[in-house]
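The file target.cif comes next; it holds mmCIF, C-alpha atoms.
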data_start
#
loop_
_atom_site.label_atom_id
_atom_site.label_comp_id
_atom_site.auth_asym_id
_atom_site.auth_seq_id
_atom_site.Cartn_x
_atom_site.Cartn_y
_atom_site.Cartn_z
CA MET A 22 27.33 183.51 -17.30
CA ALA A 23 29.32 185.39 -14.65
CA ASN A 24 29.29 184.31 -11.02
CA THR A 25 28.39 187.72 -9.59
CA MET A 26 25.63 190.26 -10.08
CA GLN A 27 24.67 193.77 -9.09
CA ALA A 28 21.94 194.08 -6.49
CA ILE A 29 20.41 196.54 -4.03
CA GLU A 30 20.61 195.65 -0.34
CA ILE A 31 19.26 197.17 2.87
CA SER A 32 22.39 198.28 4.74
CA GLN A 33 20.47 198.86 7.98
CA PRO A 34 16.87 199.66 8.95
CA GLY A 35 15.95 203.20 8.01
CA GLY A 36 14.78 205.54 5.28
CA PRO A 37 15.26 205.19 1.53
CA GLU A 38 18.88 206.30 1.86
CA VAL A 39 19.87 202.96 3.49
CA LEU A 40 19.44 201.18 0.15
CA ARG A 41 22.84 200.64 -1.46
CA PRO A 42 24.27 198.90 -4.55
CA VAL A 43 26.32 195.77 -3.85
CA THR A 44 27.91 192.89 -5.70
CA ARG A 45 26.49 189.49 -4.76
CA SER A 46 26.92 185.94 -5.94
CA ILE A 47 24.27 184.86 -8.42
CA PRO A 48 21.88 182.55 -6.58
CA GLU A 49 21.52 178.94 -7.67
CA PRO A 50 18.01 177.57 -8.13
CA LEU A 51 16.86 174.78 -5.87
CA ASP A 52 15.24 171.76 -7.48
CA HIS A 53 11.78 173.43 -7.55
CA GLN A 54 13.00 176.88 -8.62
CA VAL A 55 13.97 178.79 -11.74
CA LEU A 56 16.72 181.39 -12.07
CA ILE A 57 15.52 184.53 -13.81
CA LYS A 58 17.67 187.14 -15.54
CA VAL A 59 15.75 190.16 -14.29
CA HIS A 60 14.79 192.86 -16.76
CA ALA A 61 12.42 194.73 -14.45
CA ALA A 62 11.24 194.55 -10.84
CA GLY A 63 8.15 196.03 -9.22
CA VAL A 64 8.41 198.32 -6.18
CA ASN A 65 5.81 197.65 -3.49
CA ARG A 66 4.94 199.00 -0.06
CA PRO A 67 6.13 195.80 1.68
CA ASP A 68 9.60 196.56 0.26
CA CYS A 69 9.53 199.90 2.06
CA LEU A 70 8.32 198.29 5.27
CA GLN A 71 11.12 195.72 5.08
CA ARG A 72 13.66 198.48 4.51
CA ALA A 73 12.36 200.36 7.54
CA GLY A 74 12.65 197.28 9.73
CA ALA A 75 8.88 196.90 10.15
CA TYR A 76 8.42 193.81 7.96
CA PRO A 77 11.38 191.43 8.37
CA ALA A 78 12.04 188.92 5.62
CA PRO A 79 11.10 185.34 6.53
CA PRO A 80 14.04 183.15 7.60
CA ASP A 81 14.01 181.23 4.31
CA ALA A 82 13.83 184.35 2.12
CA SER A 83 16.52 186.48 0.50
CA ASP A 84 17.48 189.52 2.55
CA LEU A 85 17.35 191.60 -0.64
CA PRO A 86 14.09 193.49 -1.24
CA GLY A 87 11.90 192.85 -4.24
CA LEU A 88 8.78 190.66 -4.39
CA GLU A 89 8.05 190.63 -8.14
CA VAL A 90 10.17 190.48 -11.26
CA ALA A 91 9.92 189.92 -14.98
CA GLY A 92 12.64 188.45 -17.10
CA GLU A 93 14.09 185.46 -18.88
CA ILE A 94 14.65 182.01 -17.39
CA VAL A 95 18.35 181.12 -17.57
CA ALA A 96 18.47 178.01 -15.35
CA ILE A 97 15.96 175.53 -13.94
CA GLY A 98 15.90 173.14 -11.00
CA THR A 99 15.88 169.38 -11.44
CA ARG A 100 12.16 169.04 -10.64
CA VAL A 101 10.99 171.87 -12.91
CA HIS A 102 9.16 170.61 -15.99
CA GLN A 103 6.67 173.36 -16.84
CA TRP A 104 9.30 175.93 -17.89
CA ARG A 105 12.22 175.96 -20.31
CA ILE A 106 15.39 178.03 -20.47
CA GLY A 107 14.65 181.17 -22.45
CA GLY A 108 11.05 181.41 -21.29
CA ARG A 109 9.67 184.89 -20.58
CA VAL A 110 8.05 185.01 -17.15
CA ALA A 111 6.76 187.34 -14.50
CA ALA A 112 7.17 185.91 -11.01
CA LEU A 113 6.14 186.43 -7.44
CA THR A 114 9.38 186.06 -5.50
CA HIS A 115 10.27 185.33 -1.90
CA GLY A 116 12.53 188.40 -1.93
CA GLY A 117 15.62 189.17 -3.96
CA GLY A 118 13.99 190.98 -6.87
CA TYR A 119 16.21 194.08 -6.69
CA ALA A 120 19.02 192.32 -8.53
CA GLU A 121 20.24 191.28 -11.95
CA TYR A 122 19.29 187.67 -11.21
CA CYS A 123 16.63 186.24 -8.92
CA VAL A 124 15.32 182.78 -8.07
CA ALA A 125 11.60 182.06 -7.88
CA ASP A 126 9.47 179.02 -7.19
CA ALA A 127 8.59 177.61 -10.60
CA SER A 128 4.93 177.37 -9.59
CA HIS A 129 4.83 181.10 -8.78
CA CYS A 130 5.70 182.17 -12.33
CA LEU A 131 3.35 183.54 -14.97
CA ALA A 132 3.85 183.29 -18.73
CA ILE A 133 4.22 186.75 -20.23
CA PRO A 134 1.98 187.34 -23.25
CA ASP A 135 3.94 187.89 -26.45
CA ASN A 136 2.68 191.47 -26.84
CA ILE A 137 3.67 192.61 -23.32
CA ASP A 138 7.09 194.03 -22.43
CA TYR A 139 9.02 193.31 -19.24
CA VAL A 140 8.18 196.60 -17.51
CA LEU A 141 4.45 196.00 -17.77
CA ALA A 142 4.89 192.34 -16.82
CA ALA A 143 6.90 193.20 -13.69
CA ALA A 144 3.97 195.26 -12.42
CA VAL A 145 1.57 192.30 -12.46
CA PRO A 146 2.42 189.57 -9.89
CA GLU A 147 2.27 191.23 -6.46
CA THR A 148 -0.89 193.22 -7.10
CA ALA A 149 -2.65 190.57 -9.19
CA PHE A 150 -1.96 187.81 -6.65
CA THR A 151 -3.15 190.06 -3.81
CA VAL A 152 -6.26 191.39 -5.52
CA TYR A 153 -7.41 188.18 -7.15
CA SER A 154 -6.88 185.98 -4.10
CA ASN A 155 -8.76 188.35 -1.80
CA VAL A 156 -11.54 189.70 -4.00
CA TRP A 157 -12.38 186.63 -6.09
CA MET A 158 -10.91 183.53 -4.42
CA ARG A 159 -11.92 184.48 -0.86
CA ALA A 160 -14.59 187.19 -1.09
CA ALA A 161 -16.11 185.60 -4.23
CA LEU A 162 -17.10 188.86 -5.92
CA LYS A 163 -19.74 188.10 -8.55
CA ARG A 164 -20.74 189.77 -11.77
CA HIS A 165 -23.04 192.74 -11.16
CA GLU A 166 -21.93 193.05 -7.52
CA THR A 167 -20.19 196.20 -6.29
CA LEU A 168 -16.63 196.40 -4.95
CA LEU A 169 -15.33 199.26 -2.79
CA VAL A 170 -11.54 199.77 -2.87
CA HIS A 171 -9.73 202.15 -0.54
CA GLY A 172 -6.58 203.58 -2.12
CA GLY A 173 -8.01 203.35 -5.60
CA SER A 174 -5.08 205.06 -7.34
CA SER A 175 -2.45 202.71 -5.90
CA GLY A 176 -1.03 199.70 -7.69
CA ILE A 177 -3.51 197.50 -5.82
CA GLY A 178 -6.38 199.87 -6.55
CA SER A 179 -5.65 200.35 -10.25
CA THR A 180 -5.40 196.58 -10.63
CA ALA A 181 -8.65 195.91 -8.76
CA ILE A 182 -10.58 198.51 -10.78
CA GLN A 183 -9.59 197.04 -14.13
CA ILE A 184 -10.02 193.37 -13.29
CA ALA A 185 -13.39 193.95 -11.61
CA ARG A 186 -14.67 195.98 -14.52
CA ALA A 187 -13.45 193.37 -17.00
CA LEU A 188 -15.19 190.61 -15.04
CA GLY A 189 -18.49 192.48 -14.91
CA SER A 190 -18.53 194.14 -11.47
CA ALA A 191 -18.94 197.81 -10.54
CA VAL A 192 -16.15 199.49 -8.59
CA VAL A 193 -16.23 202.39 -6.14
CA VAL A 194 -12.95 203.82 -4.84
CA THR A 195 -11.63 206.36 -2.40
CA ALA A 196 -8.55 208.46 -3.18
CA GLY A 197 -6.82 211.52 -1.80
CA SER A 198 -7.16 214.11 -4.57
CA ASP A 199 -9.35 215.09 -7.49
CA GLU A 200 -6.52 214.11 -9.84
CA LYS A 201 -6.35 210.63 -8.35
CA CYS A 202 -10.12 210.31 -8.52
CA ALA A 203 -10.08 211.25 -12.20
CA PHE A 204 -7.35 208.65 -12.78
CA CYS A 205 -9.54 205.97 -11.19
CA GLU A 206 -12.58 206.96 -13.23
CA GLN A 207 -10.52 206.77 -16.42
CA LEU A 208 -9.67 203.18 -15.47
CA GLY A 209 -13.35 202.34 -15.10
CA ALA A 210 -14.39 203.20 -11.55
CA ALA A 211 -18.12 203.91 -11.40
CA LEU A 212 -17.58 206.36 -8.54
CA ALA A 213 -14.38 207.87 -7.13
CA ILE A 214 -14.63 209.71 -3.80
CA ASN A 215 -12.07 212.28 -2.67
CA TYR A 216 -11.90 211.52 1.05
CA ARG A 217 -10.16 214.85 1.71
CA ASP A 218 -13.15 216.73 0.29
CA LYS A 219 -15.94 215.21 2.41
CA PRO A 220 -16.53 212.04 4.46
CA TRP A 221 -16.35 209.16 2.01
CA GLN A 222 -19.00 207.12 3.81
CA GLU A 223 -21.57 209.90 3.37
CA VAL A 224 -20.90 210.14 -0.37
CA LEU A 225 -21.04 206.36 -0.69
CA ALA A 226 -24.36 206.17 1.16
CA ALA A 227 -25.86 208.84 -1.09
CA HIS A 228 -25.01 206.81 -4.21
CA TYR A 229 -25.37 203.30 -2.78
CA PRO A 230 -27.90 203.52 0.07
CA ASP A 231 -28.03 199.73 0.40
CA GLY A 232 -24.24 199.47 0.64
CA VAL A 233 -21.67 197.49 -1.34
CA ASP A 234 -21.01 193.76 -1.60
CA VAL A 235 -17.23 193.55 -1.09
CA ILE A 236 -14.65 195.92 0.42
CA LEU A 237 -10.89 195.71 -0.21
CA ASP A 238 -9.23 197.76 2.53
CA MET A 239 -5.57 198.61 3.08
CA VAL A 240 -6.28 201.43 5.54
CA ALA A 241 -7.94 199.81 8.60
CA GLY A 242 -7.82 202.17 11.62
CA SER A 243 -10.79 204.52 11.69
CA TYR A 244 -12.12 203.03 8.42
CA VAL A 245 -13.08 199.69 9.95
CA GLN A 246 -16.35 200.79 11.53
CA SER A 247 -17.45 202.73 8.45
CA ASN A 248 -16.61 199.75 6.27
CA LEU A 249 -18.74 197.40 8.36
CA ASP A 250 -21.58 199.90 8.24
CA SER A 251 -21.24 200.26 4.44
CA LEU A 252 -21.62 196.58 3.56
CA LYS A 253 -24.83 194.99 2.35
CA THR A 254 -26.30 191.92 4.00
CA ASP A 255 -23.95 188.97 3.29
CA GLY A 256 -21.18 191.45 2.46
CA ARG A 257 -17.51 190.51 2.56
CA TYR A 258 -14.66 192.62 3.99
CA ALA A 259 -11.04 191.89 3.01
CA LEU A 260 -8.38 193.66 5.08
CA ILE A 261 -4.91 193.56 3.48
CA ALA A 262 -2.88 196.35 5.17
CA LEU A 263 -2.85 198.67 8.16
CA ILE A 264 -1.85 202.06 6.75
CA GLY A 265 -4.31 203.82 9.09
CA GLY A 266 -3.25 201.86 12.16
CA ALA A 267 -3.97 198.50 13.77
CA LYS A 268 -5.85 199.68 16.87
CA LEU A 269 -9.26 201.26 17.42
CA GLU A 270 -10.59 203.07 20.45
CA SER A 271 -13.99 201.48 19.95
CA LEU A 272 -15.71 199.15 17.51
CA ASN A 273 -19.33 198.07 17.30
CA VAL A 274 -19.39 194.66 15.64
CA ALA A 275 -23.16 194.14 15.89
CA SER A 276 -23.49 194.64 12.14
CA ILE A 277 -21.37 191.54 11.53
CA LEU A 278 -24.10 189.49 13.19
CA ARG A 279 -27.06 191.46 11.92
CA LYS A 280 -25.96 191.48 8.29
CA ARG A 281 -24.16 188.10 8.26
CA LEU A 282 -20.89 189.74 7.22
CA THR A 283 -17.65 187.94 6.48
CA PHE A 284 -14.56 189.80 7.76
CA PHE A 285 -11.11 188.40 7.01
CA GLY A 286 -7.54 189.58 6.73
CA THR A 287 -4.58 188.29 4.74
CA THR A 288 -0.96 189.04 3.90
CA LEU A 289 0.62 187.44 0.85
CA ARG A 290 4.29 186.88 1.64
CA PRO A 291 3.92 184.54 4.68
CA GLN A 292 1.55 182.19 2.83
CA SER A 293 2.85 178.73 1.96
CA SER A 294 4.41 177.95 -1.38
CA GLN A 295 1.45 175.69 -2.14
CA ALA A 296 -1.04 178.49 -1.41
CA LYS A 297 0.81 180.88 -3.70
CA ALA A 298 0.93 178.20 -6.40
CA ARG A 299 -2.86 177.89 -6.25
CA ILE A 300 -3.18 181.65 -6.62
CA ALA A 301 -0.73 181.65 -9.55
CA THR A 302 -2.81 179.03 -11.35
CA GLN A 303 -5.94 181.15 -11.03
CA VAL A 304 -4.15 184.37 -12.04
CA GLN A 305 -2.67 182.68 -15.09
CA ARG A 306 -6.12 181.41 -16.09
CA ASP A 307 -8.26 184.48 -15.37
CA VAL A 308 -5.99 187.55 -15.26
CA MET A 309 -3.23 187.01 -17.80
CA PRO A 310 -5.70 186.77 -20.71
CA LEU A 311 -6.92 190.22 -19.66
CA VAL A 312 -3.32 191.47 -19.75
CA ALA A 313 -2.90 190.01 -23.24
CA SER A 314 -6.15 191.54 -24.53
CA GLY A 315 -5.69 194.96 -22.92
CA GLY A 316 -8.55 194.48 -20.49
CA PHE A 317 -6.06 194.98 -17.69
CA VAL A 318 -3.12 197.29 -18.39
CA PRO A 319 -0.69 197.75 -15.48
CA MET A 320 -0.44 201.48 -14.88
CA ILE A 321 3.25 202.47 -14.73
CA TYR A 322 3.64 205.80 -12.98
CA GLN A 323 7.42 205.97 -13.16
CA ARG A 324 10.38 203.73 -13.87
CA PHE A 325 13.83 203.99 -12.32
CA ALA A 326 17.12 202.23 -13.00
CA LEU A 327 17.99 199.57 -10.42
CA GLN A 328 20.66 201.85 -8.98
CA GLU A 329 17.96 204.48 -8.35
CA ALA A 330 16.04 202.34 -5.86
CA THR A 331 16.44 205.06 -3.21
CA GLN A 332 14.51 207.53 -5.37
CA ALA A 333 11.89 204.89 -6.14
CA HIS A 334 11.28 204.25 -2.43
CA ALA A 335 11.09 207.97 -1.71
CA LEU A 336 8.40 208.31 -4.38
CA MET A 337 6.49 205.31 -3.02
CA GLU A 338 6.45 206.78 0.47
CA SER A 339 5.43 210.23 -0.76
CA GLY A 340 2.07 208.84 -1.84
CA GLU A 341 2.16 210.96 -4.98
CA HIS A 342 2.22 208.06 -7.42
CA MET A 343 -0.77 206.69 -9.30
CA GLY A 344 -0.27 203.09 -10.31
CA LYS A 345 3.01 201.20 -10.15
CA ILE A 346 6.68 202.08 -9.74
CA VAL A 347 9.16 199.81 -11.53
CA LEU A 348 12.93 199.34 -11.46
CA THR A 349 14.62 198.47 -14.76
CA VAL A 350 17.79 196.43 -14.81
CA ASP A 351 18.89 197.14 -18.37
CA THR A 352 18.08 199.62 -21.10
CA SER A 353 16.06 197.10 -23.12
CA ALA A 354 13.59 196.37 -20.30
CA GLY A 355 10.88 198.60 -21.69
CA ASP A 356 11.30 197.57 -25.32
CA ALA A 357 8.53 195.65 -27.00
CA PRO A 358 9.34 191.93 -27.21
#

Target encoding structure tokens, full file:
Amino acid sequence: MANTMQAIEISQPGGPEVLRPVTRSIPEPLDHQVLIKVHAAGVNRPDCLQRAGAYPAPPDASDLPGLEVAGEIVAIGTRVHQWRIGGRVAALTHGGGYAEYCVADASHCLAIPDNIDYVLAAAVPETAFTVYSNVWMRAALKRHETLLVHGGSSGIGSTAIQIARALGSAVVVTAGSDEKCAFCEQLGAALAINYRDKPWQEVLAAHYPDGVDVILDMVAGSYVQSNLDSLKTDGRYALIALIGGAKLESLNVASILRKRLTFFGTTLRPQSSQAKARIATQVQRDVMPLVASGGFVPMIYQRFALQEATQAHALMESGEHMGKIVLTVDTSAGDAP
């Protein structure tokens, strides 16, 4: 194996154009890590925020963007016993995924089902870890309860719709066009609301007058009050991003008391290695069988070569995509295994 690799680095904070190809040394795995020959890497909004200078990488993380990869294990640390060289894995990374090789904590890896290719597998970790940890591990969504997801056509949304439906829950989503709403309904959403057409909370109330049980929100801003008002008694509200802004001019929190609501927020990357390992165990147990059976199919909107990361980020920030954007590192990445 060579000592160097091709990668994409952030030359300076800015727009998609600041991404540039570079040659880097191949990282060496620490005793608890594996080294993965990357075949495909997912593109996520936190990558764009990091590139813009709004979401700095933690001090112990790679400065390269990329939080999820799929590929083949080519080296293992001295304390790694659950994986072998040659194993096919998808992994949540601590950065560094936009490269030909990437290290990952061995406990943050997922076994790729035999019938799934690397492109599909690369689209699983970031969204599955985020959705499952918030909606099921923390909000404890139950069968026959109803989940509301804002941004239903995104990678997060398309993942939440399919897993919830497969596990026996109804899903309502908001999205920004009729096309995106149709996409969500095709994935199994019971109701998709075009928020540009009419106020989403009015449509929701007409169909679900008692409200919903769990809300997964990446908007915040002006949505917070309407979300609180739209929850049933004992409802749970998971806030995972701030696309609509972090500040509100006013907020009436009386409904939190009156309806015994649970309101929490999380981000994935800053969580401890142990916390991510616990999530990985649950995702491997409950989500990966759905991937293998076709109950959850990662929706790939477009794939780009690694060297086209600039175009991939521009597409992500345009908001036009439905589902996931993936970078491929070699021409065989999308081939069936």

**Study point:** Distance query A:Gln328 at most 10 Å, only C-alpha atoms, self and fewer than 6 positions along chain excluded, as a PyMOL selection string
**Key:** chain A and resi 27-29+40-43+119-120+348-350

**Study point:** Residues matched by the PyMOL selection byres ((chain A and resi 22) around 10), written as a PyMOL selection string
**Key:** chain A and resi 23-25+47+95

Would you mind exporting C-alpha atoms of the selected residues as a tab-separated table (two decimals), keeping the file's coordinate frame?
chain	number	residue	atom	x	y	z
A	23	ALA	CA	29.32	185.39	-14.65
A	24	ASN	CA	29.29	184.31	-11.02
A	25	THR	CA	28.39	187.72	-9.59
A	47	ILE	CA	24.27	184.86	-8.42
A	95	VAL	CA	18.35	181.12	-17.57

Exercise for review: List the neighbours of A:Ile97 out to 8 Å using only C-alpha atoms; skip same-chain residues closer than 3 positions along the sequence, and give me the result as a list in words.
Suggested key: Pro50, Asp52, His53, Gln54, Val55, Leu56, Ile94, Val101, Trp104, Arg105 and Ile106 of chain A

Write the selection just made, keeping C-alpha atoms, as a tab-separated table (two decimals), in the coordinates of the input?
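Wrote it out as result-v3.tsv, contents follow:
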chain	number	residue	atom	x	y	z
A	50	PRO	CA	18.01	177.57	-8.13
A	52	ASP	CA	15.24	171.76	-7.48
A	53	HIS	CA	11.78	173.43	-7.55
A	54	GLN	CA	13.00	176.88	-8.62
A	55	VAL	CA	13.97	178.79	-11.74
A	56	LEU	CA	16.72	181.39	-12.07
A	94	ILE	CA	14.65	182.01	-17.39
A	101	VAL	CA	10.99	171.87	-12.91
A	104	TRP	CA	9.30	175.93	-17.89
A	105	ARG	CA	12.22	175.96	-20.31
A	106	ILE	CA	15.39	178.03	-20.47

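Closest to A:Gly232 among A:Leu168, A:Val110, A:Met158, A:Leu269 is A:Leu168, based on all atoms listed in the file.
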
Quick one: contact table of stretch 188-283 of chain A to stretch 136-152 of chain A, 12 Å max, nearest atom pair and distance in Å to one decimal per residue, counting all atoms listed in the file, chain and number order, as a Markdown table?
| residue | atom | partner | partner_atom | distance |
| --- | --- | --- | --- | --- |
| A:Ile236 | CA | A:Val152 | CA | 11.2 |
| A:Leu237 | CA | A:Val152 | CA | 8.3 |
| A:Asp238 | CA | A:Val152 | CA | 10.7 |
| A:Met239 | CA | A:Thr151 | CA | 11.2 |
| A:Ala259 | CA | A:Val152 | CA | 9.8 |
| A:Leu260 | CA | A:Thr151 | CA | 10.9 |
| A:Ile261 | CA | A:Thr151 | CA | 8.3 |
| A:Ala262 | CA | A:Thr151 | CA | 11.0 |

Since the input lacks atoms, please generate N, CA, C and O atoms for stretch 323-341 of chain A and provide them as a short mmCIF file (atom, residue, chain, number, x, y, z; two decimals), in the frame of the given file.
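Result saved to part_24.cif:
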data_model
loop_
_atom_site.label_atom_id
_atom_site.label_comp_id
_atom_site.auth_asym_id
_atom_site.auth_seq_id
_atom_site.Cartn_x
_atom_site.Cartn_y
_atom_site.Cartn_z
N GLN A 323 6.05 205.56 -12.88
CA GLN A 323 7.42 205.97 -13.16
C GLN A 323 8.34 204.77 -13.09
O GLN A 323 8.11 203.83 -12.31
N ARG A 324 9.37 204.77 -13.92
CA ARG A 324 10.38 203.73 -13.87
C ARG A 324 11.72 204.34 -13.48
O ARG A 324 12.02 205.49 -13.81
N PHE A 325 12.50 203.58 -12.75
CA PHE A 325 13.83 203.99 -12.32
C PHE A 325 14.82 202.88 -12.66
O PHE A 325 14.45 201.70 -12.70
N ALA A 326 16.08 203.25 -12.88
CA ALA A 326 17.12 202.23 -13.00
C ALA A 326 17.30 201.55 -11.64
O ALA A 326 17.00 202.12 -10.59
N LEU A 327 17.78 200.32 -11.66
CA LEU A 327 17.99 199.57 -10.42
C LEU A 327 18.78 200.37 -9.41
O LEU A 327 18.45 200.39 -8.21
N GLN A 328 19.80 201.08 -9.88
CA GLN A 328 20.66 201.85 -8.98
C GLN A 328 19.93 203.06 -8.37
O GLN A 328 20.47 203.71 -7.47
N GLU A 329 18.75 203.36 -8.87
CA GLU A 329 17.96 204.48 -8.35
C GLU A 329 16.86 204.01 -7.40
O GLU A 329 15.85 204.70 -7.22
N ALA A 330 17.06 202.88 -6.76
CA ALA A 330 16.04 202.34 -5.86
C ALA A 330 15.71 203.31 -4.73
O ALA A 330 14.57 203.36 -4.25
N THR A 331 16.70 204.09 -4.27
CA THR A 331 16.44 205.06 -3.21
C THR A 331 15.37 206.06 -3.65
O THR A 331 14.43 206.36 -2.90
N GLN A 332 15.50 206.58 -4.87
CA GLN A 332 14.51 207.53 -5.37
C GLN A 332 13.15 206.86 -5.55
O GLN A 332 12.10 207.47 -5.30
N ALA A 333 13.15 205.61 -5.97
CA ALA A 333 11.89 204.89 -6.14
C ALA A 333 11.16 204.72 -4.81
O ALA A 333 9.94 204.90 -4.73
N HIS A 334 11.90 204.40 -3.74
CA HIS A 334 11.28 204.25 -2.43
C HIS A 334 10.78 205.59 -1.90
O HIS A 334 9.72 205.65 -1.25
N ALA A 335 11.54 206.64 -2.15
CA ALA A 335 11.09 207.97 -1.71
C ALA A 335 9.77 208.34 -2.38
O ALA A 335 8.86 208.89 -1.74
N LEU A 336 9.64 208.03 -3.67
CA LEU A 336 8.40 208.31 -4.38
C LEU A 336 7.26 207.45 -3.82
O LEU A 336 6.15 207.96 -3.59
N MET A 337 7.52 206.18 -3.58
CA MET A 337 6.49 205.31 -3.02
C MET A 337 5.95 205.86 -1.71
O MET A 337 4.75 205.92 -1.47
N GLU A 338 6.85 206.30 -0.85
CA GLU A 338 6.45 206.78 0.47
C GLU A 338 5.84 208.17 0.44
O GLU A 338 5.16 208.57 1.39
N SER A 339 6.04 208.90 -0.64
CA SER A 339 5.43 210.23 -0.76
C SER A 339 3.93 210.13 -0.98
O SER A 339 3.19 211.08 -0.70
N GLY A 340 3.48 209.01 -1.52
CA GLY A 340 2.07 208.84 -1.84
C GLY A 340 1.61 209.59 -3.07
O GLY A 340 0.41 209.64 -3.37
N GLU A 341 2.53 210.16 -3.82
CA GLU A 341 2.16 210.96 -4.98
C GLU A 341 1.85 210.11 -6.22
O GLU A 341 1.20 210.57 -7.15
#
